[in-house]
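Here the structure is laid out as structure tokens; the discussion comes afterwards.
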Amino acid sequence: MAGILAWFWNERFWLPHNVTWADLKNTDESTFPQAEDLYLACPLAFCMFMIRLVFERFIARPCALGLKIQANGPQKAQPNAILEKVFTAITKHPDEKRLEGLSKQLDWDVRTIQRWFRQRRNQEKPSTLARFCESISGDHLCLCLILKSPWLWNTRECWYNYPYQPLTVDLHYYYILELSFYLSLLFSQFTDIRRKDFLLMFLHHVATISLITFSYVNNMARVGTLVMCLHDAADILLEAAKMANYGKCQRLCNVLFVMFALVFISSRLGVYPVWILNTTVFESWEIVGPYPSWWVFNVLLVLLQALHTFWSYLIVRIACRAISRGKVGKWNPLHVSKDDRSDIESSSDEDEVLPPSQKHHTNGTNGAHGTNGYLSSSPCPDEH
């Protein structure tokens, strides 16, 4: 074990040339970041997770009910043993050939079978009330720290006298809180509503936790503070917009979404590469020079930039679709059934991809009655 720890904490990987861990030990005059400081984040993350559960149950839910947000989930599909067996044992998304076979077996038209599968998939999804509680419970708390420090305006200050920069008390606690927060998000991602970008969000949380840990152990706390403050700025606007949407406050939702889009795109595609990546790549290279963990740190920052670009593309696509729909109806960029990250499907989604040969296909009684004793007198209605 001692050999593994010595290999992991190799000074030539973590620290610049001619710097040792002994140089960064705490003294009476100066305090430096110590790896063991981060152990406190684990129990704090668990406490945040538990506080969030209590908040959702006793505060968020009553608030949602007070706003008359519906507690019932999507409409349930009619019981059908044959389709249920296909859904649970074979596929939740049957292809055209299987749909045709089921149509002949059940004497249903293809549209009705597609509608049943859609409703059955939606049946496992959470209600609007659950989504509201998830948003209001602080999924994206704004922990932005306002510091009166020179490196906020002159990023070269992040690297002068590096790594012999004393750690201030506010930076220490800010790091612990941020690390605890993202650890709690990593835990809660497995209990929250599962989104289409689950893996991307998981990758984002892992990259963020790694960056926080790397920058603290390496005493890159100054530039790390810049990164965390920048990322905290836009998140709360998105959650506020989603809450307004679930509460059917359409104008407020539109305003908050526009504010979120402007802040997110300008900060992640403008300020981040120009301000953050410039100082971590070019200014640090000039003042300190590269070393192994420096490369890892910057690779993680570039990975975050790639995720920023992808999410900015999604935001622009949502806005374009909302504006396009606004020409003939109400603009709703975060419609519950049309959110690019939403798992609730609408009937129009399938209508768009349904081949013309199937849109008017019927078989036998056209769903007016059924066989095997599983069908009621009418086909399943669309849910909205």
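For the structure tokens, the naming scheme is as follows: chains receive sequential letters (A, B, ...) according to their order of presentation, residues are indexed from 1 within each chain, and ligands are indexed from 1 in presentation order.
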
Give me, as a PyMOL selection string, all polymer residues having an atom no more than 12 Å from Ile193 (chain A), counting only C-alpha atoms and skipping those fewer than 2 positions away in the same chain. chain A and resi 124-135+139+188-191+195-198+341-344

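The neighbours of Leu183 (chain A) here are the residues that come within 8 Å of it, using only C-alpha atoms and leaving out any residue fewer than 3 positions away in the same chain; they are Ala41, Cys42, Ala45, Leu179, Ser180, Leu186, Phe187, His205 and Ile209 of chain A.
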
I want to know what sits within 10 Å of region 21-32 of chain A, based on only C-alpha atoms, with residues of the same chain fewer than 3 positions away left out; could you give that as an MDAnalysis selection string? chainID A and resid 9:11 14:15 18 35 163:169 172 216:219

Backbone DSSP call of alpha helix (DSSP H) for region 102-312 of chain A, listed as a PyMOL selection string: chain A and resi 102-106+110-123+128-136+169-188+198-217+221-246+250-266+284-287+292-312

Okay, now the selection with C-alpha atoms, as a short mmCIF file (atom, residue, chain, number, x, y, z; two decimals), in the first residue's frame?
data_model
loop_
_atom_site.label_atom_id
_atom_site.label_comp_id
_atom_site.auth_asym_id
_atom_site.auth_seq_id
_atom_site.Cartn_x
_atom_site.Cartn_y
_atom_site.Cartn_z
CA LEU A 102 -48.68 -7.16 -33.81
CA SER A 103 -51.31 -5.39 -35.90
CA LYS A 104 -52.29 -8.67 -37.56
CA GLN A 105 -52.16 -10.61 -34.27
CA LEU A 106 -54.31 -8.17 -32.30
CA VAL A 110 -50.51 0.31 -36.45
CA ARG A 111 -51.20 3.83 -35.15
CA THR A 112 -53.04 2.43 -32.11
CA ILE A 113 -50.17 0.05 -31.31
CA GLN A 114 -47.65 2.85 -31.61
CA ARG A 115 -49.80 4.96 -29.31
CA TRP A 116 -49.96 2.12 -26.78
CA PHE A 117 -46.17 1.75 -26.72
CA ARG A 118 -45.75 5.50 -26.35
CA GLN A 119 -48.19 5.63 -23.43
CA ARG A 120 -46.57 2.57 -21.87
CA ARG A 121 -43.13 4.23 -22.05
CA ASN A 122 -44.53 7.43 -20.59
CA GLN A 123 -46.26 5.47 -17.85
CA THR A 128 -44.97 17.36 -13.49
CA LEU A 129 -45.11 17.62 -9.70
CA ALA A 130 -42.00 15.43 -9.37
CA ARG A 131 -40.18 17.52 -11.97
CA PHE A 132 -41.10 20.76 -10.19
CA CYS A 133 -39.85 19.38 -6.86
CA GLU A 134 -36.56 18.35 -8.46
CA SER A 135 -36.04 21.84 -9.86
CA ILE A 136 -37.00 23.80 -6.75
CA VAL A 169 -10.00 30.70 4.69
CA ASP A 170 -12.74 31.76 2.26
CA LEU A 171 -11.15 29.84 -0.62
CA HIS A 172 -10.78 26.76 1.58
CA TYR A 173 -14.46 26.64 2.56
CA TYR A 174 -15.58 27.58 -0.92
CA TYR A 175 -13.75 24.58 -2.33
CA ILE A 176 -15.16 22.22 0.30
CA LEU A 177 -18.72 23.43 -0.36
CA GLU A 178 -18.37 23.18 -4.13
CA LEU A 179 -16.88 19.70 -3.98
CA SER A 180 -19.61 18.58 -1.57
CA PHE A 181 -22.26 20.05 -3.85
CA TYR A 182 -21.04 18.25 -6.98
CA LEU A 183 -20.59 14.98 -5.09
CA SER A 184 -24.22 15.23 -3.95
CA LEU A 185 -25.26 15.88 -7.58
CA LEU A 186 -23.35 12.78 -8.62
CA PHE A 187 -25.25 10.73 -6.03
CA SER A 188 -28.65 12.23 -6.78
CA PHE A 198 -27.65 11.20 -18.42
CA LEU A 199 -24.21 10.04 -19.54
CA LEU A 200 -23.14 13.55 -20.54
CA MET A 201 -24.23 14.93 -17.18
CA PHE A 202 -22.42 12.09 -15.42
CA LEU A 203 -19.29 12.88 -17.42
CA HIS A 204 -19.70 16.57 -16.57
CA HIS A 205 -19.94 15.85 -12.83
CA VAL A 206 -16.93 13.52 -12.89
CA ALA A 207 -14.87 16.08 -14.84
CA THR A 208 -15.92 18.85 -12.45
CA ILE A 209 -15.09 16.82 -9.33
CA SER A 210 -11.73 15.88 -10.86
CA LEU A 211 -10.99 19.52 -11.69
CA ILE A 212 -11.87 20.69 -8.19
CA THR A 213 -9.68 17.99 -6.65
CA PHE A 214 -6.79 18.55 -9.05
CA SER A 215 -6.77 22.32 -8.65
CA TYR A 216 -6.96 22.12 -4.84
CA VAL A 217 -4.17 19.54 -4.45
CA ALA A 221 -7.19 27.44 -6.08
CA ARG A 222 -7.17 30.91 -7.61
CA VAL A 223 -7.90 29.84 -11.15
CA GLY A 224 -10.19 27.11 -9.82
CA THR A 225 -12.27 29.78 -8.15
CA LEU A 226 -12.68 31.55 -11.49
CA VAL A 227 -13.90 28.36 -13.14
CA MET A 228 -16.45 27.58 -10.41
CA CYS A 229 -17.82 31.13 -10.21
CA LEU A 230 -18.32 31.18 -13.96
CA HIS A 231 -20.18 27.86 -13.94
CA ASP A 232 -22.47 28.82 -11.06
CA ALA A 233 -23.81 31.93 -12.79
CA ALA A 234 -26.28 30.44 -15.31
CA ASP A 235 -27.54 27.25 -13.67
CA ILE A 236 -30.07 28.83 -11.32
CA LEU A 237 -31.79 30.62 -14.24
CA LEU A 238 -32.51 27.33 -16.00
CA GLU A 239 -34.09 25.79 -12.91
CA ALA A 240 -36.18 28.94 -12.38
CA ALA A 241 -37.37 28.80 -16.01
CA LYS A 242 -38.36 25.14 -15.63
CA MET A 243 -40.29 25.91 -12.44
CA ALA A 244 -42.13 28.73 -14.20
CA ASN A 245 -42.96 26.37 -17.04
CA TYR A 246 -44.30 23.66 -14.73
CA GLN A 250 -45.54 31.28 -19.60
CA ARG A 251 -44.24 34.84 -19.85
CA LEU A 252 -41.96 34.40 -16.86
CA CYS A 253 -40.70 31.13 -18.34
CA ASN A 254 -39.90 32.84 -21.64
CA VAL A 255 -38.04 35.70 -19.95
CA LEU A 256 -36.03 33.38 -17.70
CA PHE A 257 -35.16 31.06 -20.58
CA VAL A 258 -33.89 33.96 -22.70
CA MET A 259 -31.83 35.22 -19.76
CA PHE A 260 -30.44 31.74 -19.18
CA ALA A 261 -29.56 31.28 -22.87
CA LEU A 262 -27.78 34.64 -23.03
CA VAL A 263 -25.83 34.08 -19.79
CA PHE A 264 -24.96 30.45 -20.61
CA ILE A 265 -23.77 31.01 -24.18
CA SER A 266 -21.89 34.23 -23.41
CA SER A 284 0.55 29.55 -17.03
CA TRP A 285 2.83 28.14 -19.74
CA GLU A 286 4.67 31.46 -19.89
CA ILE A 287 4.98 32.03 -16.12
CA PRO A 292 2.33 16.29 -16.10
CA SER A 293 -0.66 17.23 -13.94
CA TRP A 294 -0.80 20.60 -15.74
CA TRP A 295 -1.63 18.68 -18.93
CA VAL A 296 -4.32 16.65 -17.16
CA PHE A 297 -5.86 19.81 -15.70
CA ASN A 298 -6.05 21.51 -19.08
CA VAL A 299 -7.40 18.41 -20.84
CA LEU A 300 -10.27 18.37 -18.34
CA LEU A 301 -10.91 22.07 -18.95
CA VAL A 302 -11.02 21.47 -22.70
CA LEU A 303 -13.42 18.57 -22.12
CA LEU A 304 -15.70 20.96 -20.26
CA GLN A 305 -15.51 23.32 -23.22
CA ALA A 306 -16.65 20.51 -25.54
CA LEU A 307 -19.64 19.88 -23.26
CA HIS A 308 -20.39 23.61 -23.21
CA THR A 309 -20.45 23.65 -27.00
CA PHE A 310 -22.84 20.69 -27.18
CA TRP A 311 -25.24 22.14 -24.62
CA SER A 312 -25.14 25.53 -26.32
#

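Considering the residues A:Gly289, A:Pro33, A:Ala81, A:Glu100 and counting only C-alpha atoms, Tyr160 (chain A) has its shortest atom-to-atom contact with A:Gly289.
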
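Computed from the coordinates, the CA of Arg98 (chain A) to CA of Asn80 (chain A) distance equals 16.1 Å.
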